[in-house]
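Heads up, the thing below is written out as structure tokens.
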Amino acid sequence: MRTIAKNILLASSGIALAALLSSCNDFLDMTPTDSVSDKIIWQTTQNAEYGVNYIYSYILDMADANTGQCVAGMTDALTDQLKYGSYNYNALCYIPSEIAYGGSTLTANYVASYLGYWDTMYGAIRRTNQGLNYLEKYGEMPDADKARLQAELRFMRAYFYFDLVKRYKEVIIYDEDLSAITANKALSTEKEGWDFIAADLKFAQENLPVKAEAGGRLDKGAAYAFATRAMLYAQRYDEVIAAADKVSQLGYTLDPNYANVFKGSSSEVILQYEFSFENNVTHNFDFYYTPGGDYTTRESSGGGYGTPTQEIVESYEYADGSGFPDWSVWHTTEGTFENPPYELLEPRFQASILYNGAAWKDRTIQPYVGGDDGWCQWNVVKEPKGKTTTGYYLRKGVDETHDVIARSRSTQPLVVLRYAEVLLNKAEACYRTGDAAGANAAVRAIRERVDLPYTDKAGDNLWAAIRQERKVELAFEGFSYWDVRRWGVAPDQYPEGLSGYQLHGLKIEPAGAGFSYTYVTVDDKVRNYPEKMNRFPLQDSELSSNTAVEQFPEWK
């Protein structure tokens, strides 16, 4: 879980330092002020920035790769990409599998608890609206500064409401008019929700500075980039295309080296959170996902909670552009001595997944029975203690330079928005509007970055290419579950949807001078996505306190 120290601005002690930036490495000052009035906080530019900085940290809460979108763990584990290996009934253990299995477990209370975030988001929205209200009421800074700070707050409000609308479709809309807050308020329509988000982003786009003038704060690039995501969900495809073109005009490009994107200081990154040991702003993503051998070789235990699946491995092409390997040789339950073609796969695989023999921290990965990293059987060994159940480990997002024994917590940046996503959002929007040329151009740019050839496509073949590139380009970044869900195909049978399949891995055992690879299932039930999950249920606290709303019909 990535975490960040966060103190209320009016606290009388403690220091919280948010590290949200888009263009430089300077941290944003969140030094708390001793019990001062709202008027003093929001009166001057410098003080108002402290208030805005505090609210920045809520973006991290939702962008957190580990639990920011599902309390139980990465949402990639609700798809065919990732498997949590522990059979214990805990978050980052068995519960993600339980959610993916569906069935009677998915009650309204259960789903609201693990996937809802209703209270969290409305807490963030309340603070944002208070900031907007107080800024207008008390702000005595220059008009340009006030408009810029309002734009930052409205960007964040759009970000928070986006997360609500994508979950619930119909939400309660509150703005900075605090006098309009009432205990009983009806839900908006989905269209009204997207209209509200679009208006906030438009204001942010018009009033935020360009990157070079933003001093590490939110800038126009972030506003336009996030609009490509939000308006894609809203199915406002012309707005997606227009916003994507603005991002390009602002000078963002793909990083020539895919692996560099997730290590910090990449030209492709539009918005990211940074962390610092010096300022005690850290996360523990590495503790959960680093290969188990980083611990066991030093007589400790950790890592390997969630590991990539055989299904996602088979989604990558050969690096020479000749197509996909035939993995049927390794789909045997009897075992084969033939080595998988890992080293021949394209750069995004090499940058995202660690496999048997991969180079890592001056050693080689040993995800086999008896190896330094180790292997254990799903649902038999309750506590893997760093061992993989799939034969793989996660590489993307894990810091290869970090000594997890010397320091349990980590500081590798968290990417929130990057240009590759913008291009893929544009590709999908172009496809939806019949602009095959625009869609093909965006897909080609994504593939050319990793030296993969591309031939223009049309119709279903073009749509398949877009889906393929979203899957491998954005793997383990928390997109896949929400993509399949918003496309309306999640209840369908796999591989189109998320029903009727099990996940697999490879059991690797030493055999003479080589290894034996055996195809194993890492699920004990067939996965199922019920249609009611296309809209999450309202939580009991809202239903009991607000007489103007009632539970959605599919959850009654």
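Letters A, B, ... mark the chains of the structure tokens in the order given; residue numbers begin at 1 per chain; ligand numbers begin at 1, in order shown.
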Any chance you could tabulate, as a tab-separated table, the residues of region 277-386 of chain A at most 10 Å from region 84-102 of chain A with each one's nearest atom pair and distance in Å to one decimal, using only C-alpha atoms, in chain and rising number order?
```
residue	atom	partner	partner_atom	distance
A:Tyr288	CA	A:Leu92	CA	8.6
A:Gly304	CA	A:Gly85	CA	7.8
A:Tyr305	CA	A:Tyr84	CA	5.6
A:Gly306	CA	A:Tyr84	CA	4.1
A:Thr307	CA	A:Tyr84	CA	6.5
A:Pro308	CA	A:Tyr84	CA	9.0
A:Thr309	CA	A:Tyr84	CA	9.9
A:Cys376	CA	A:Gly85	CA	8.6
A:Gln377	CA	A:Gly85	CA	8.5
A:Trp378	CA	A:Gly85	CA	6.1
A:Asn379	CA	A:Tyr87	CA	5.2
A:Val380	CA	A:Tyr87	CA	7.6
A:Val381	CA	A:Tyr87	CA	7.1
A:Lys382	CA	A:Tyr87	CA	4.6
A:Glu383	CA	A:Ser86	CA	5.4
A:Pro384	CA	A:Ser86	CA	6.0
A:Lys385	CA	A:Ser86	CA	8.6
A:Gly386	CA	A:Gly85	CA	9.1
```
For Leu132 (chain A), work out the shell of residues within 12 Å, counting only C-alpha atoms and skipping chain neighbours fewer than 6 positions away, then give it as a PyMOL selection string. chain A and resi 38+42+48+51-52+55+125-126+138-139+146-157+174-178+200
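Among the candidates A:Val329, A:Ala319, A:Cys430, A:Ile41, the one nearest to Lys137 (chain A) when counting only C-alpha atoms is A:Ile41.
In this structure, CA of Leu60 (chain A) sits 7.2 Å away from CA of Tyr273 (chain A).
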All residues 7 Å or closer to region 436-451 of chain A, only C-alpha atoms, same chain fewer than 2 positions away omitted, as a list in words: Pro256, Pro347, Ala420, Leu423, Leu424, Lys426, Ala427, Glu428, Cys430, Tyr431, Gly434, Pro453, Tyr454, Asp456, Lys457, Ala458 and Ile466 of chain A
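Coordinates place CA of Leu115 (chain A) at a distance of 5.0 Å from CA of Cys70 (chain A).
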One decimal, in Å: what's the spacing between CA of Tyr233 (chain A) and CA of Ala183 (chain A)? 29.3 Å
